[in-house]
Amino acid sequence: MRHVLLVAAWVVVATQTQAADPCASQYFQIRVVDEDTGRGVPLVELETTNNIRLVTDSAGVVAFLEPGLMDKTVWFTVRSHGYEHAKDGFGSQGKALKVTPGGKAELKVKRINIAERLYRVTGGGIYRDSVLLGLPTPITEPVLNGQVLGCDSVMSLIYKGKIFWIWGDTNQPKYPLGNFDATGAISELPGKGGLDPSVGVNFKYFVKPDGFVKGIAPIPGKGPTWPFAPVVLKVDGRERMFAGYGKIRGSSMETYERGLCVWNDETEQFEKVAEWRLDHPVVPTGHAFRGRVNGVEYIYFAAAMPLTRVRAKPELLKNLDNFETFTCLKEGSTMKNPQLDRDSRGRLRYSWKRNTPAVYQKEQDELIAKGLMKKEEALIQLHDVETGQPVLAHAGTVHWNAYRRKWIMIVCQQFGTSVLGETWYAEAPTPTGPWGPARKIVTHNEYSFYNPRHHPFFDQEGGRIIYFEGTYTHSFSGNKYQTPRYDYNQVMYRLDLADPRLKLPPASPNGILHEQVEPVPEL
């Protein structure tokens with residue numbers, strides 16, 4: 001019933017109707033729907049026997065008009081990441097359709113993913129086929145907004161009562177090189193002028209006079225600027241938004257400068273506040289969230305494991321000496337010459353320390369390989385709940401979830417069944433863990449879906465329904481075929497935490513003491 005109501009809500013909201021293409025009556029409409037919910041499925045590829053490829057828009061629609069094939073029976077092979085079409089007697093997934101001008105057909109696919117794909121968030125032609133057919137769309141700019149054709153990884157947070165969005169490098173229509181100083185936008189919160197997150201987001205981009213998005217982080221220096229971990233704190237009773245930044249050197253993608261910046265409401269840009277030591281052992285990155293321990297508020301940096309923090313005071317953000325890591329190394333030790341912190345009985349101790357690097361999975365493996373740590377002593381024991389195989393975390397987010405009464409992680413796996421295309425769900429009683437069993441919720445076939453971001457401000461039904469998005473791109477996947485319009489853009493998913501497949505056994509306590517952290521809601 002809940003799915004039916006949500007689909008009905010989409011129909012009610014979908015009232016933005018664009019002028020139909022003059023040739024709309026000549027198109028043959030193909031709609032691909034989830035067989036369980038009846039909702040249109042985006043990012044489904046249909047291919048004819050002569051290799052004409054079409055991809056459903058965010059409504060699950062394709063507008064087909066091909067001279068020579070109209071008024072013919074045409075076979076369409078159906079393929080989609082995490083979805084399947086029924087096979088015919090020869091094992092082919094697809095269906096033959098009688099293609100007629102003005103005609104319609106519906107294809108049903110079965111969802112294999114636990115998470116449900118909803119719509120493309122960014123880029124050109126989000127509802128391209130719907131517009132060609134004169135169908136209603138839920139967003140105000142269904143074909144092009146801010147001249148954004150593609151953009152890298154998303155960050156989001158609440159700032160002054162609105163949702164503030166930040167993306168990385170951004171493509172434009174007029175030239176292969178676009179904006180490399182970060183792209184920004186704002187949108188209204190659901191229930192306060194914004195759309196229900198199940199149907200879309202209306203962005204108001206920060207743009208230049210020519211209509212293309214402007215760089216919102218023009219930190220001096222050559223090369224791209226990549227902001228990370230934005231967080232809002234109050235300064236003299238006013239909200240201020242801070243973020244870390246990295247300056248990137250050319251094609252090598254080497255970070256040659258790191259530091260802190262702050263948002264200027266008047267210029268609508270981030271401004272440099274402080275430069276951090278590039279060789280400092282503490283390296284905050286990823287996404288930020290706030291938590292309180294014994295009355296003291298901290299900012300945690302999840303990358304994806306939140307093993308770095310700093311007290312939530314703006315003046316402390318300027319110097320990495322004020323940051324701490326949850327680590328098993330002795331304070332001041334390094335991975336080049338690691339000294340493990342053990343008690344008099346030889347038991348490994350994890351605690352918050354300054355001027356000491358965090359030990360993530362890669363570093364854990366190095367210590368184990370050197371014989372300095374036993375496998376069972378490792379802090380991070382993330383693994384497939386079905387097979388027990390390790391899950392190497394690449395990037396993701398951690399947030400408190402009121403429905404599960406736990407901290408939940410949405411994380412991209414590195415070197416899984418695809419290089420960077422698998423997304424996992426895990427949960428723990430504290431931000432530092434113990435993190436153990438995990439369940440795959442999204443899969444991709446030779447395609448990347450990296451840097452997933454859970455948007456806690458979109459949570460529904462007391463946290464039972466959550467929303468997350470990630471960057472869909474052929475980069476790093478080995479796949480040379482780039483999905484038209486979708487490639488290098490953000491795709492939104494919905495996950496129902498009441499799904500019985502997400503009931504995970506607790507992780508082994510491992511003898512490590514973890515602080516209880518009280519979640520601090522966004523301002």
# chains A, B, ... in the order shown; residues from 1 in each chain; ligands from 1
$ residues_around --residues "Gly102 in chain A" --least-positions-apart "5" --cutoff "6 Å" --atoms "only C-alpha atoms" --output "ChimeraX atom specification"
/A:25-28
$ write_last_selection --atoms "N, CA and C atoms" --output "mmCIF file, in the first residue's frame"
data_model
loop_
_atom_site.group_PDB
_atom_site.id
_atom_site.type_symbol
_atom_site.label_atom_id
_atom_site.label_comp_id
_atom_site.auth_asym_id
_atom_site.auth_seq_id
_atom_site.Cartn_x
_atom_site.Cartn_y
_atom_site.Cartn_z
ATOM 1 N N SER A 25 2.950 13.175 -31.863
ATOM 2 C CA SER A 25 2.018 12.123 -32.282
ATOM 3 C C SER A 25 2.683 11.061 -33.143
ATOM 4 N N GLN A 26 3.919 11.341 -33.598
ATOM 5 C CA GLN A 26 4.626 10.360 -34.423
ATOM 6 C C GLN A 26 5.452 9.382 -33.595
ATOM 7 N N TYR A 27 5.683 9.736 -32.320
ATOM 8 C CA TYR A 27 6.514 8.879 -31.466
ATOM 9 C C TYR A 27 5.742 7.659 -30.979
ATOM 10 N N PHE A 28 6.474 6.590 -30.778
ATOM 11 C CA PHE A 28 5.942 5.407 -30.107
ATOM 12 C C PHE A 28 6.466 5.435 -28.678
#
$ residues_around --residues "range 209-220 of chain A" --least-positions-apart "4" --cutoff "8 Å" --atoms "only C-alpha atoms" --output "short mmCIF file (atom, residue, chain, number, x, y, z; two decimals) with C-alpha atoms, in the first residue's frame"
data_model
loop_
_atom_site.label_atom_id
_atom_site.label_comp_id
_atom_site.auth_asym_id
_atom_site.auth_seq_id
_atom_site.Cartn_x
_atom_site.Cartn_y
_atom_site.Cartn_z
CA GLY A 146 22.21 25.80 -15.06
CA GLN A 147 23.61 24.35 -18.33
CA VAL A 148 24.83 21.38 -16.26
CA GLN A 172 28.80 22.25 -19.91
CA ASN A 179 33.70 24.37 -14.06
CA PHE A 180 36.48 23.02 -11.85
CA ASP A 181 35.94 25.18 -8.76
CA ALA A 182 32.83 23.37 -7.47
CA THR A 183 29.19 23.88 -8.36
CA GLY A 184 26.51 24.90 -5.87
CA TYR A 205 22.02 26.91 -9.14
CA THR A 225 39.33 23.07 -6.11
CA TRP A 226 37.57 20.18 -4.40
CA PRO A 227 35.62 21.15 -1.26
CA LYS A 247 43.78 22.07 -4.58
CA GLU A 268 28.03 33.35 -3.00
CA GLN A 269 31.47 31.74 -2.85
CA PHE A 270 33.75 29.97 -0.41
CA GLU A 271 36.73 31.99 0.80
CA LYS A 272 40.00 30.65 2.14
#
$ closest_residue --among "A:Ser508, A:Thr483, A:Thr397, A:Thr327" --to "Gly150 in chain A" --atoms "only C-alpha atoms"
A:Thr483
$ residues_around --residues "Gly200 in chain A" --least-positions-apart "2" --cutoff "12 Å" --atoms "only C-alpha atoms" --output "PyMOL selection string"
chain A and resi 9-10+13-14+58-59+117-122+126-127+137-142+187-190+194-198+202-203+458+467+469+490-494
$ residues_around --residues "range 498-501 of chain A" --least-positions-apart "6" --cutoff "10 Å" --atoms "only C-alpha atoms" --output "PyMOL selection string"
chain A and resi 114-115+403-404+439-441+463-465
$ residues_around --residues "Val61 in chain A" --least-positions-apart "3" --cutoff "6 Å" --atoms "only C-alpha atoms" --output "ChimeraX atom specification"
/A:30-31,56-57
$ select_by_dssp --residues "range 141-371 of chain A" --states "strand (DSSP E)" --output "VMD selection string"
chain A and resid 150 to 151 154 to 159 162 to 167 170 to 171 183 to 187 204 to 205 225 to 235 238 to 249 254 to 264 269 to 276 287 to 293 296 to 302 308 to 311 324 to 327 351 to 354
$ select_by_dssp --residues "range 136-315 of chain A" --states "helix (DSSP H, G or I)" --output "number ranges by chain"
A: 250-252, 314-315
$ closest_residue --among "A:Glu522, A:Glu275, A:Gly60, A:Glu106" --to "Gly161 in chain A" --atoms "only C-alpha atoms"
A:Glu522
$ residues_around --residues "Ala438 in chain A" --least-positions-apart "2" --cutoff "12 Å" --atoms "only C-alpha atoms" --output "JSON, numbers by chain"
{"A": [380, 381, 382, 383, 384, 385, 386, 387, 388, 389, 390, 391, 392, 393, 408, 409, 410, 411, 412, 413, 422, 423, 424, 425, 426, 427, 428, 434, 435, 436, 440, 441, 501, 502, 503, 504, 505, 506, 507]}
$ atom_distance --atom1 "CA of Lys208 in chain A" --atom2 "CA of Arg128 in chain A"
24.6 Å
$ residues_around --residues "Gly259 in chain A" --least-positions-apart "4" --cutoff "8 Å" --atoms "only C-alpha atoms" --output "VMD selection string"
chain A and resid 244 to 246 272 to 276 318
$ atom_distance --atom1 "CA of Gly134 in chain A" --atom2 "CA of Arg79 in chain A"
25.6 Å
$ closest_residue --among "A:Pro281, A:Thr48, A:Arg311, A:Glu297" --to "Glu331 in chain A" --atoms "only C-alpha atoms"
A:Pro281
